[in-house]
Amino acid sequence: MRILYFAWLREKAGIAEETISLPQTVTTVAELIEWQQQRGEGFAEAFADTAVVKVAVNQEHVGFDHPVSAKDEVAFFPPVTGG
Amino acid sequence: MRILYFAWLREKAGIAEETISLPQTVTTVAELIEWQQQRGEGFAEAFADTAVVKVAVNQEHVGFDHPVSAKDEVAFFPPVTGG
Amino acid sequence: MIKVQAEDFDVGRELENLSSGNLGVGGVSCFIGLVRDMAGDESIQAMTLEHYPEMTEKALAKIEAEARTRWPLEEILIIHRYGRLEPGDRIVFVAAASAHREAAIEACHFLIDWLKTQAPFWKLEETPDGGQWVDARSSDDKAAGRWVTAGRGAEKDPDAAE
Amino acid sequence: MIKVQAEDFDVGRELENLSSGNLGVGGVSCFIGLVRDMAGDESIQAMTLEHYPEMTEKALAKIEAEARTRWPLEEILIIHRYGRLEPGDRIVFVAAASAHREAAIEACHFLIDWLKTQAPFWKLEETPDGGQWVDARSSDDKAAGRWVTAGRGAEKDPDAAE
């Protein structure tokens with residue numbers, strides 16, 4: 001799975017982009033976030049307050065209940081501030 | 001009194017601008033229009049349907065009950081279509 | 001600022017002037033009205049705008065002042081042309097600059113709606129059947145009526161909308 | 001049309017291109033967003049816009065398509081910059097051209113409101129105290145929320161307004 005991080009999520013996680021082997025237990029965005037929270041200090045900090053974490057799967061805004069699979073591109077970011 | 005006519009009111013009245021001696025009986029816009037209606041065919045036609053006649057006194061939109069006096073500038077025109 | 005003129009204008013330059021040097025401007029909203037080649041089913045060769053110069057200046061100044069009482073604006077620009085115009089020609093330009101986008105957008109909307117019903121202009125269209133004066137539209141009265149509620153950032157009345 | 005670019009753009013030329021040659025356009029509405037030198041009480045030296053390129057293209061195309069289903073539009077243009085910008089610099093430009101002014105104005109308002117909450121951009125402000133990420137504002141969510149009602153020319157929900 002390709003994962004991208006933007007803005008302060010990128011800064012806290014300490015990484016802009018990575019390709020991971022998705023654990024078989026992870027089938028939704030919510031489960032992916034739980035897994036991220038246990039990957040180390042930076043990730044724990046990035047995902048500490050999930051109320052301000054937004055997610056896109058394959059470049060579409062989705063909710064935390066959205067399914068994820070190994071071939072997806074998943075992006076984590078704060079609420080957008082376009083315009 | 002200086003009187004101005006615009007758009008089709010100007011065309012029907014056959015005049016763009018004139019200075020008249022105001023009859024003493026005319027003290028409001030409504031009375032001025034009544035007087036106009038009797039000044040000849042062109043004026044009668046211009047003021048035939050007062051529902052589509054708008055008035056400005058001294059360059060301000062006013063209603064038919066607005067007072068008029070000899071030193072005023074009065075303009076008659078159809079509803080405006082600015083913009 | 002208000003300009004009433006026969007000549008065309010440079011939209012890019014006008015917009016540049018509106019905000020240049022004012023680093024407090026966060027948003028500029030503008031509207032440009034153009035002559036169309038059709039009015040309903042009829043084709044238009046040209047449109048001649050007649051106006052009442054002394055009143056036009058007053059009416060536009062009043063519209064500008066009214067917008068400034070309603071929204072926190074840095075700049076306002078209204079340019080209205082008169083004379084003979086052809087399809088594709090610019091007729092009118094309104095713009096509002098503010099720190100905040102909502103104020104700029106609403107003020108711009110207000111300016112064009114009020115121009116339609118308050119500014120003493122009349123339009124004579126040249127069609128294959130001869131000249132015809134453009135009627136005021138009741139939808140324009142309704143659009144202007146939405147802004148009657150006084151006060152800064154007043155909400156539009158949805159019941160009065162087109 | 002959508003353009004996502006680091007470079008500045010020429011507003012006059014973009015507006016000219018939007019309506020030139022299309023004599024059915026009666027109104028063009030546009031909004032320009034600029035970097036301000038202040039955010040609240042803090043002075044801003046610069047703002048860096050980060051974005052998610054693959055998603056940006058998709059999100060802007062979706063916003064454009066949504067506007068076209070709601071209003072009868074001749075043209076739409078969205079230009080969004082990224083990278084480091086300084087106070088006074090243009091960030092974003094949206095424009096809508098239509099036969100009718102109301103459609104152009106409402107569509108333009110919709111475009112900028114939806115960009116604020118749908119387009120994957122993030123802003124890092126450089127202040128005397130260091131860099132700080134701009135928070136999404138709840139007022140932007142409300143502004144975008146007003147347009148949720150589907151359908152052409154849908155009315156804004158006054159209860160949801162700022």
# chains A, B, ... in the order shown; residues from 1 in each chain; ligands from 1
>>> closest_atom_pairs(of="chain D", to="chain B", cutoff="12 Å", atoms="only C-alpha atoms", output="tab-separated table")
residue	atom	partner	partner_atom	distance
D:Gly26	CA	B:Gly83	CA	10.8
D:Gly27	CA	B:Gly83	CA	10.1
D:Arg101	CA	B:Gly83	CA	9.9
>>> select_by_dssp(residues="segment 18-147 of chain C", states="helix (DSSP H, G or I)", output="MDAnalysis selection string")
chainID C and resid 18:19 53:70 101:118 138:145
>>> write_last_selection(atoms="N, CA and C atoms", output="compact mmCIF listing (two decimals), in the first residue's frame")
# COMPACT_ATOMS: atom_id res chain seq x y z
N LEU C 18 -6.78 47.93 -8.05
CA LEU C 18 -7.70 47.83 -6.92
C LEU C 18 -7.02 47.29 -5.67
N SER C 19 -6.07 46.38 -5.85
CA SER C 19 -5.46 45.76 -4.67
C SER C 19 -3.98 46.05 -4.53
N PRO C 53 -26.61 61.89 -16.98
CA PRO C 53 -25.28 62.03 -16.38
C PRO C 53 -25.26 62.55 -14.94
N GLU C 54 -25.95 63.65 -14.66
CA GLU C 54 -25.89 64.23 -13.30
C GLU C 54 -26.42 63.23 -12.27
N MET C 55 -27.49 62.51 -12.67
CA MET C 55 -28.07 61.55 -11.73
C MET C 55 -27.23 60.28 -11.62
N THR C 56 -26.61 59.89 -12.73
CA THR C 56 -25.79 58.67 -12.71
C THR C 56 -24.69 58.77 -11.67
N GLU C 57 -23.99 59.89 -11.67
CA GLU C 57 -22.90 60.07 -10.70
C GLU C 57 -23.43 59.94 -9.28
N LYS C 58 -24.55 60.61 -9.02
CA LYS C 58 -25.14 60.56 -7.68
C LYS C 58 -25.57 59.15 -7.30
N ALA C 59 -26.25 58.48 -8.25
CA ALA C 59 -26.80 57.14 -7.97
C ALA C 59 -25.67 56.14 -7.70
N LEU C 60 -24.60 56.22 -8.51
CA LEU C 60 -23.50 55.27 -8.31
C LEU C 60 -22.76 55.56 -7.00
N ALA C 61 -22.61 56.84 -6.67
CA ALA C 61 -21.95 57.19 -5.40
C ALA C 61 -22.76 56.66 -4.22
N LYS C 62 -24.08 56.71 -4.36
CA LYS C 62 -24.97 56.23 -3.31
C LYS C 62 -24.86 54.71 -3.16
N ILE C 63 -24.78 54.02 -4.28
CA ILE C 63 -24.65 52.56 -4.26
C ILE C 63 -23.31 52.17 -3.62
N GLU C 64 -22.25 52.90 -4.00
CA GLU C 64 -20.93 52.63 -3.40
C GLU C 64 -20.98 52.86 -1.89
N ALA C 65 -21.58 53.98 -1.48
CA ALA C 65 -21.64 54.30 -0.04
C ALA C 65 -22.44 53.25 0.71
N GLU C 66 -23.52 52.81 0.11
CA GLU C 66 -24.38 51.81 0.75
C GLU C 66 -23.61 50.50 0.95
N ALA C 67 -22.84 50.10 -0.07
CA ALA C 67 -22.04 48.87 0.06
C ALA C 67 -21.02 49.01 1.19
N ARG C 68 -20.42 50.19 1.30
CA ARG C 68 -19.40 50.40 2.34
C ARG C 68 -19.99 50.35 3.74
N THR C 69 -21.27 50.73 3.89
CA THR C 69 -21.87 50.64 5.22
C THR C 69 -22.21 49.19 5.57
N ARG C 70 -22.37 48.35 4.54
CA ARG C 70 -22.81 46.97 4.81
C ARG C 70 -21.67 45.99 5.01
N ARG C 101 -13.11 37.08 1.97
CA ARG C 101 -13.73 36.77 0.70
C ARG C 101 -15.23 36.96 0.72
N GLU C 102 -15.87 36.59 1.82
CA GLU C 102 -17.34 36.65 1.86
C GLU C 102 -17.82 38.10 1.66
N ALA C 103 -17.14 39.04 2.30
CA ALA C 103 -17.50 40.45 2.16
C ALA C 103 -17.32 40.91 0.72
N ALA C 104 -16.20 40.53 0.10
CA ALA C 104 -15.93 40.94 -1.28
C ALA C 104 -16.99 40.38 -2.23
N ILE C 105 -17.32 39.11 -2.05
CA ILE C 105 -18.27 38.46 -2.96
C ILE C 105 -19.68 39.02 -2.79
N GLU C 106 -20.11 39.16 -1.54
CA GLU C 106 -21.47 39.66 -1.32
C GLU C 106 -21.61 41.11 -1.77
N ALA C 107 -20.59 41.92 -1.50
CA ALA C 107 -20.66 43.32 -1.90
C ALA C 107 -20.72 43.44 -3.42
N CYS C 108 -19.95 42.63 -4.11
CA CYS C 108 -19.95 42.66 -5.57
C CYS C 108 -21.32 42.28 -6.12
N HIS C 109 -21.91 41.27 -5.54
CA HIS C 109 -23.25 40.82 -5.93
C HIS C 109 -24.27 41.93 -5.71
N PHE C 110 -24.17 42.54 -4.55
CA PHE C 110 -25.04 43.67 -4.20
C PHE C 110 -24.90 44.82 -5.21
N LEU C 111 -23.65 45.17 -5.53
CA LEU C 111 -23.40 46.29 -6.44
C LEU C 111 -24.09 46.08 -7.78
N ILE C 112 -23.93 44.91 -8.36
CA ILE C 112 -24.52 44.70 -9.69
C ILE C 112 -26.04 44.62 -9.60
N ASP C 113 -26.56 44.02 -8.54
CA ASP C 113 -28.02 43.95 -8.39
C ASP C 113 -28.62 45.35 -8.25
N TRP C 114 -27.97 46.20 -7.47
CA TRP C 114 -28.52 47.55 -7.27
C TRP C 114 -28.34 48.44 -8.48
N LEU C 115 -27.22 48.26 -9.20
CA LEU C 115 -27.03 49.01 -10.44
C LEU C 115 -28.20 48.80 -11.39
N LYS C 116 -28.64 47.54 -11.46
CA LYS C 116 -29.72 47.17 -12.39
C LYS C 116 -30.99 47.98 -12.15
N THR C 117 -31.26 48.29 -10.89
CA THR C 117 -32.54 48.92 -10.58
C THR C 117 -32.40 50.37 -10.11
N GLN C 118 -31.17 50.83 -9.86
CA GLN C 118 -31.00 52.18 -9.31
C GLN C 118 -30.28 53.14 -10.26
N SER C 138 -38.75 42.10 -14.02
CA SER C 138 -39.19 41.97 -12.63
C SER C 138 -38.19 41.13 -11.82
N SER C 139 -37.47 40.24 -12.52
CA SER C 139 -36.46 39.44 -11.80
C SER C 139 -35.35 40.33 -11.27
N ASP C 140 -35.07 41.45 -11.95
CA ASP C 140 -34.05 42.38 -11.45
C ASP C 140 -34.54 43.08 -10.18
N ASP C 141 -35.82 43.43 -10.17
CA ASP C 141 -36.38 44.05 -8.95
C ASP C 141 -36.29 43.08 -7.79
N LYS C 142 -36.60 41.81 -8.08
CA LYS C 142 -36.53 40.81 -7.02
C LYS C 142 -35.11 40.64 -6.52
N ALA C 143 -34.17 40.59 -7.48
CA ALA C 143 -32.76 40.41 -7.10
C ALA C 143 -32.31 41.57 -6.22
N ALA C 144 -32.68 42.78 -6.59
CA ALA C 144 -32.29 43.95 -5.79
C ALA C 144 -33.01 43.93 -4.45
N GLY C 145 -34.24 43.45 -4.46
CA GLY C 145 -35.05 43.42 -3.24
C GLY C 145 -34.48 42.52 -2.17
>>> interface_residues(of="chain C", to="chain D", cutoff="9 Å", atoms="only C-alpha atoms", output="VMD selection string")
chain C and resid 10 to 16 19 to 38 87 to 88 99 101 to 102 104 to 106 108 to 109 112 143 155 to 158 161
>>> write_last_selection(atoms="N, CA and C atoms", output="CSV table (one decimal), in the first residue's frame")
chain,number,residue,atom,x,y,z
C,10,ASP,N,-9.6,48.4,-19.3
C,10,ASP,CA,-8.7,47.3,-19.2
C,10,ASP,C,-8.9,46.6,-17.9
C,11,VAL,N,-9.6,45.5,-17.9
C,11,VAL,CA,-10.1,44.7,-16.7
C,11,VAL,C,-8.9,44.4,-15.9
C,12,GLY,N,-7.8,43.8,-16.5
C,12,GLY,CA,-6.6,43.4,-15.8
C,12,GLY,C,-6.0,44.5,-15.0
C,13,ARG,N,-5.9,45.7,-15.7
C,13,ARG,CA,-5.2,46.9,-15.1
C,13,ARG,C,-6.1,47.4,-13.9
C,14,GLU,N,-7.4,47.4,-14.1
C,14,GLU,CA,-8.3,47.9,-13.1
C,14,GLU,C,-8.3,47.0,-11.9
C,15,LEU,N,-8.2,45.7,-12.1
C,15,LEU,CA,-8.2,44.8,-10.9
C,15,LEU,C,-6.8,44.9,-10.2
C,16,GLU,N,-5.8,45.1,-11.0
C,16,GLU,CA,-4.4,45.3,-10.4
C,16,GLU,C,-4.4,46.5,-9.5
C,19,SER,N,-6.1,46.4,-5.9
C,19,SER,CA,-5.5,45.8,-4.7
C,19,SER,C,-4.0,46.0,-4.5
C,20,SER,N,-3.4,46.6,-5.6
C,20,SER,CA,-1.9,46.7,-5.5
C,20,SER,C,-1.5,47.7,-4.4
C,21,GLY,N,-0.5,47.3,-3.6
C,21,GLY,CA,0.0,48.2,-2.6
C,21,GLY,C,-0.8,48.0,-1.3
C,22,ASN,N,-1.9,47.3,-1.3
C,22,ASN,CA,-2.8,47.1,-0.1
C,22,ASN,C,-2.7,45.7,0.3
C,23,LEU,N,-1.8,45.4,1.2
C,23,LEU,CA,-1.5,44.0,1.6
C,23,LEU,C,-2.5,43.5,2.6
C,24,GLY,N,-3.5,44.3,2.9
C,24,GLY,CA,-4.6,43.8,3.7
C,24,GLY,C,-5.8,43.2,2.9
C,25,VAL,N,-5.6,43.3,1.6
C,25,VAL,CA,-6.7,42.7,0.7
C,25,VAL,C,-6.5,41.2,0.6
C,26,GLY,N,-7.5,40.4,1.0
C,26,GLY,CA,-7.4,39.0,0.9
C,26,GLY,C,-8.2,38.4,-0.3
C,27,GLY,N,-9.2,39.2,-0.7
C,27,GLY,CA,-10.1,38.8,-1.8
C,27,GLY,C,-10.6,39.9,-2.6
C,28,VAL,N,-10.6,39.7,-3.9
C,28,VAL,CA,-11.3,40.7,-4.8
C,28,VAL,C,-12.3,39.9,-5.6
C,29,SER,N,-13.5,40.4,-5.6
C,29,SER,CA,-14.6,39.8,-6.4
C,29,SER,C,-15.0,40.8,-7.5
C,30,CYS,N,-15.2,40.3,-8.7
C,30,CYS,CA,-15.7,41.3,-9.7
C,30,CYS,C,-16.7,40.6,-10.6
C,31,PHE,N,-17.4,41.5,-11.3
C,31,PHE,CA,-18.4,41.1,-12.3
C,31,PHE,C,-18.3,42.0,-13.5
C,32,ILE,N,-18.3,41.3,-14.7
C,32,ILE,CA,-18.3,42.1,-15.9
C,32,ILE,C,-19.5,41.7,-16.7
C,33,GLY,N,-20.3,42.8,-17.1
C,33,GLY,CA,-21.5,42.6,-18.0
C,33,GLY,C,-21.1,42.9,-19.4
C,34,LEU,N,-21.6,42.0,-20.3
C,34,LEU,CA,-21.2,42.1,-21.7
C,34,LEU,C,-22.5,42.2,-22.6
C,35,VAL,N,-22.4,42.8,-23.8
C,35,VAL,CA,-23.5,42.8,-24.7
C,35,VAL,C,-23.6,41.4,-25.4
C,36,ARG,N,-24.7,40.8,-25.3
C,36,ARG,CA,-24.9,39.5,-26.0
C,36,ARG,C,-25.5,39.7,-27.4
C,37,ASP,N,-25.3,38.7,-28.2
C,37,ASP,CA,-25.8,38.8,-29.6
C,37,ASP,C,-27.3,38.4,-29.8
C,38,MET,N,-27.9,38.0,-28.7
C,38,MET,CA,-29.3,37.6,-28.7
C,38,MET,C,-30.0,38.2,-27.5
C,87,PRO,N,-22.2,43.4,-29.8
C,87,PRO,CA,-22.1,42.2,-29.0
C,87,PRO,C,-20.6,41.8,-28.7
C,88,GLY,N,-20.4,41.4,-27.5
C,88,GLY,CA,-19.0,41.1,-27.0
C,88,GLY,C,-18.4,42.3,-26.3
C,99,ALA,N,-10.6,42.3,3.1
C,99,ALA,CA,-9.7,41.4,3.8
C,99,ALA,C,-10.3,40.0,3.7
C,101,ARG,N,-13.1,37.1,2.0
C,101,ARG,CA,-13.7,36.8,0.7
C,101,ARG,C,-15.2,37.0,0.7
C,102,GLU,N,-15.9,36.6,1.8
C,102,GLU,CA,-17.3,36.6,1.9
C,102,GLU,C,-17.8,38.1,1.7
C,104,ALA,N,-16.2,40.5,0.1
C,104,ALA,CA,-15.9,40.9,-1.3
C,104,ALA,C,-17.0,40.4,-2.2
C,105,ILE,N,-17.3,39.1,-2.0
C,105,ILE,CA,-18.3,38.5,-3.0
C,105,ILE,C,-19.7,39.0,-2.8
C,106,GLU,N,-20.1,39.2,-1.5
C,106,GLU,CA,-21.5,39.7,-1.3
C,106,GLU,C,-21.6,41.1,-1.8
C,108,CYS,N,-19.9,42.6,-4.1
C,108,CYS,CA,-19.9,42.7,-5.6
C,108,CYS,C,-21.3,42.3,-6.1
C,109,HIS,N,-21.9,41.3,-5.5
C,109,HIS,CA,-23.2,40.8,-5.9
C,109,HIS,C,-24.3,41.9,-5.7
C,112,ILE,N,-23.9,44.9,-8.4
C,112,ILE,CA,-24.5,44.7,-9.7
C,112,ILE,C,-26.0,44.6,-9.6
C,143,ALA,N,-34.2,40.6,-7.5
C,143,ALA,CA,-32.8,40.4,-7.1
C,143,ALA,C,-32.3,41.6,-6.2
C,155,GLU,N,-28.4,38.9,5.3
C,155,GLU,CA,-28.7,37.7,4.5
C,155,GLU,C,-29.7,38.0,3.5
C,156,LYS,N,-29.6,37.3,2.4
C,156,LYS,CA,-30.6,37.5,1.3
C,156,LYS,C,-31.9,36.8,1.8
C,157,ASP,N,-33.0,37.3,1.3
C,157,ASP,CA,-34.3,36.7,1.6
C,157,ASP,C,-34.6,35.6,0.6
C,158,PRO,N,-34.5,34.4,1.0
C,158,PRO,CA,-34.7,33.3,-0.1
C,158,PRO,C,-36.1,33.3,-0.7
C,161,ALA,N,-36.1,35.4,-3.9
C,161,ALA,CA,-35.1,35.0,-5.0
C,161,ALA,C,-35.8,34.6,-6.2
>>> select_by_dssp(residues="chain A", states="strand (DSSP E or B)", output="NGL selection string")
:A and (2-5 or 17-19 or 28 or 54-57 or 60-62 or 67 or 73-77)
>>> residues_around(residues="Phe121 of chain D", least_positions_apart="6", cutoff="8 Å", atoms="only C-alpha atoms", output="PyMOL selection string")
(chain A and resi 80-82) or (chain D and resi 49-52+56)
>>> residues_around(residues="Phe43 of chain B", least_positions_apart="3", cutoff="12 Å", atoms="only C-alpha atoms", output="VMD selection string")
chain B and resid 5 8 to 15 32 to 40 46 to 50 76
>>> residues_around(residues="segment 129-135 of chain C", least_positions_apart="4", cutoff="8 Å", atoms="only C-alpha atoms", output="list in words")
Ala7, Trp8, Pro79 and Thr81 of chain B; Trp122, Lys123, Leu124 and Glu125 of chain C
>>> atom_distance(atom1="atom CA of Glu18 of chain A", atom2="atom CA of His66 of chain A")
20.3 Å
>>> atom_distance(atom1="atom CA of Ala6 of chain C", atom2="atom CA of Ala16 of chain B")
19.8 Å
>>> residues_around(residues="Val74 of chain B", least_positions_apart="3", cutoff="7 Å", atoms="only C-alpha atoms", output="VMD selection string")
chain B and resid 2 to 4 56 to 58
>>> atom_distance(atom1="atom CA of Leu77 of chain D", atom2="atom CA of Val148 of chain D")
21.2 Å
>>> residues_around(residues="segment 21-30 of chain A", least_positions_apart="4", cutoff="7 Å", atoms="only C-alpha atoms", output="PyMOL selection string")
chain A and resi 1+34+64-70
